[in-house]
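Asks: The structure under discussion is supplied below as structure tokens; questions concerning it will follow.
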Amino acid sequence: MSNNKNIKIMNKTVLITGTSSGFGASAANFFTQKGWNVIATMRDTGKTSSLRNSENIFVTKLDVEDTASIQSAIDAGIKRFGKIDVLVNNAGYGLFGIFESASRQAIQNQFAVNVFGAMDVTRAILPYFRENKSGVIINVSSGAGAIGFPMASIYSASKFALEGWSEGLRYELASLGIKVKVIEPGGATQTGFLNRVGGESTGLQLINDYLPFLEQTGKMFQSMASTSDIDAVEKVVSAIYKAAIDDSTRLRYSPTEDIQPILNARRSSSEEAYQQFTDSIFTQANS
């Protein structure tokens with residue numbers, strides 16, 4: 001490298017998992033627009049249609065359930081751009097349905113991706129961050145990571161686990177100069193997340209006793225989806241970027257307005273008041 005004082009400082013680099021669609025693809029494009037280098041990872045590298053055609057985007061395979069592919073993606077990204085400054089654990093999916101109807105394997109699959117996948121990617125990059133005494137780990141959670149929703153108990157459980165791990169990890173890594181951040185999106189129908197749920201919620205059986213509950217709760221979720229922020233994706237991606245550049249010790253970012261009333265009730269009121277508030281939402285839907 002030249003010793004010329006005018007040499008341009010290398011752009012910062014972010015590695016994002018799950019960039020074939022949704023928040024991951026939008027975040028990859030947003031970071032690129034901000035001048036960052038992006039290591040855009042996904043299980044199937046043929047699904048790049050949502051990504052911008054940019055020399056600052058490097059697409060490589062990473063399956064969060066395959067530890068070999070995780071290390072290969074990290075190594076390839078560092079070789080391509082020289083460093084990694086930020087990790088965004090975005091890959092995940094939602095298993096929605098009645099708990100009793102979900103097979104043990106379906107539940108394990110949910111945790112394998114949403115929890116253990118994020119842990120494995122983080123574990124793989126931590127030696128690099130420790131060596132550099134810097135780094136930011138951003139875990140994309142959900143409003144369901146703070147609130148237990150009906151028909152989403154398994155998904156909520158995986159996101160609760162992600163948030164609890166993130167909070168504990170934050171203390172462990174702070175002394176090493178490494179930050180941990182959590183993003184809590186509400187509904188974002190523009191990502192196609194809800195449309196993908198049916199295909200990914202395998203291992204579910206139909207139990208007739210729950211049909212009235214399913215019908216009424218389904219109507220409630222449709223109503224909630226119709227009032228979700230129309231610019232939710234932009235807000236979430238902006239929050240991810242803010243978390244990446246924010247030099248504060250802030251842990252949680254909740255960027256969409258639709259989830260705010262329940263989050264505020266969860267975190268700012270008594271347990272009794274919170275339960276009364278959520279019962280008024282979820283119980284009335286099935287009364």
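If you're wondering about the labels, chains in the structure tokens are A, B, ... by order shown, residues count from 1 in each chain, ligands from 1 in order shown.
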Could you give me, as a list of chain:residue names, the residues within 12 Å of Leu126 (chain A), counting only C-alpha atoms and dropping anything in the same chain fewer than 6 positions from it?

Replies: A:Gln71, A:Ile74, A:Ile84, A:Asp85, A:Val86, A:Leu87, A:Met119, A:Asp120, A:Asn132, A:Lys133, A:Ser134, A:Gly135, A:Val136, A:Ile137, A:Leu169, A:Glu172, A:Leu173, A:Leu176, A:Gly177, A:Ile178, A:Lys179, A:Val180

Asks: Can I get the selection written as a CSV table (one decimal), in the first residue's frame, with C-alpha atoms?

Replies:
chain,number,residue,atom,x,y,z
A,71,GLN,CA,-16.5,-19.4,7.4
A,74,ILE,CA,-16.4,-14.5,5.9
A,84,ILE,CA,-15.5,-6.5,7.7
A,85,ASP,CA,-16.7,-3.7,10.1
A,86,VAL,CA,-20.3,-4.8,10.7
A,87,LEU,CA,-22.3,-8.1,10.7
A,119,MET,CA,-25.1,-17.6,16.9
A,120,ASP,CA,-22.9,-19.6,14.5
A,132,ASN,CA,-9.3,-5.7,15.4
A,133,LYS,CA,-10.8,-4.6,18.8
A,134,SER,CA,-13.8,-3.3,16.9
A,135,GLY,CA,-17.0,-4.4,15.2
A,136,VAL,CA,-20.8,-4.1,15.3
A,137,ILE,CA,-23.2,-7.1,15.4
A,169,LEU,CA,-23.6,-10.8,24.7
A,172,GLU,CA,-19.4,-9.7,27.2
A,173,LEU,CA,-18.2,-7.8,24.1
A,176,LEU,CA,-13.5,-5.6,23.6
A,177,GLY,CA,-14.8,-2.6,21.6
A,178,ILE,CA,-17.5,-4.7,19.9
A,179,LYS,CA,-21.1,-3.4,19.9
A,180,VAL,CA,-24.3,-5.5,19.8

Asks: What's the 8 Å shell around Arg43 (chain A), counting only C-alpha atoms, without same-chain residues fewer than 3 positions away, as a PyMOL selection string?

Replies: chain A and resi 18+61-63

Asks: Selection from above, N, CA and C atoms, as a PDB file, in the first residue's frame, can you write it?

Replies:
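Result file result11.pdb:
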ATOM      1  N   GLY A  18     -28.971 -13.449   4.440  1.00  0.00           N
ATOM      2  CA  GLY A  18     -30.347 -13.461   3.939  1.00  0.00           C
ATOM      3  C   GLY A  18     -30.665 -12.292   3.037  1.00  0.00           C
ATOM      4  N   LYS A  61     -22.170 -17.335  -1.202  1.00  0.00           N
ATOM      5  CA  LYS A  61     -23.061 -18.301  -0.552  1.00  0.00           C
ATOM      6  C   LYS A  61     -22.797 -18.345   0.951  1.00  0.00           C
ATOM      7  N   LEU A  62     -23.885 -18.309   1.713  1.00  0.00           N
ATOM      8  CA  LEU A  62     -23.809 -18.540   3.150  1.00  0.00           C
ATOM      9  C   LEU A  62     -25.135 -19.120   3.599  1.00  0.00           C
ATOM     10  N   ASP A  63     -25.080 -20.346   4.062  1.00  0.00           N
ATOM     11  CA  ASP A  63     -26.239 -21.018   4.649  1.00  0.00           C
ATOM     12  C   ASP A  63     -25.996 -21.049   6.152  1.00  0.00           C
TER      13      ASP A  63
END

Asks: Env of Lys34 (chain A): 12 Å cut, atoms = only C-alpha atoms, seq-sep filter 6 positions within chain, self excluded. Answer as an MDAnalysis selection string.

Replies: chainID A and resid 11:14 27:28 56 237:238 241:242 244:245

Asks: Region 7-237 of chain A: which residues are alpha helix (DSSP H) by DSSP, as an NGL selection string?

Replies: :A and (22-33 or 67-81 or 104-111 or 118-132 or 153-174 or 193-200 or 211-226 or 232-237)

Asks: Identify, on the basis of only C-alpha atoms, every residue whose closest approach to Ser20 (chain A) does not exceed 7 Å; exclude the query and any residue fewer than 6 positions from it along the same chain; express the result as a ChimeraX atom specification.

Replies: /A:42,47-48,50
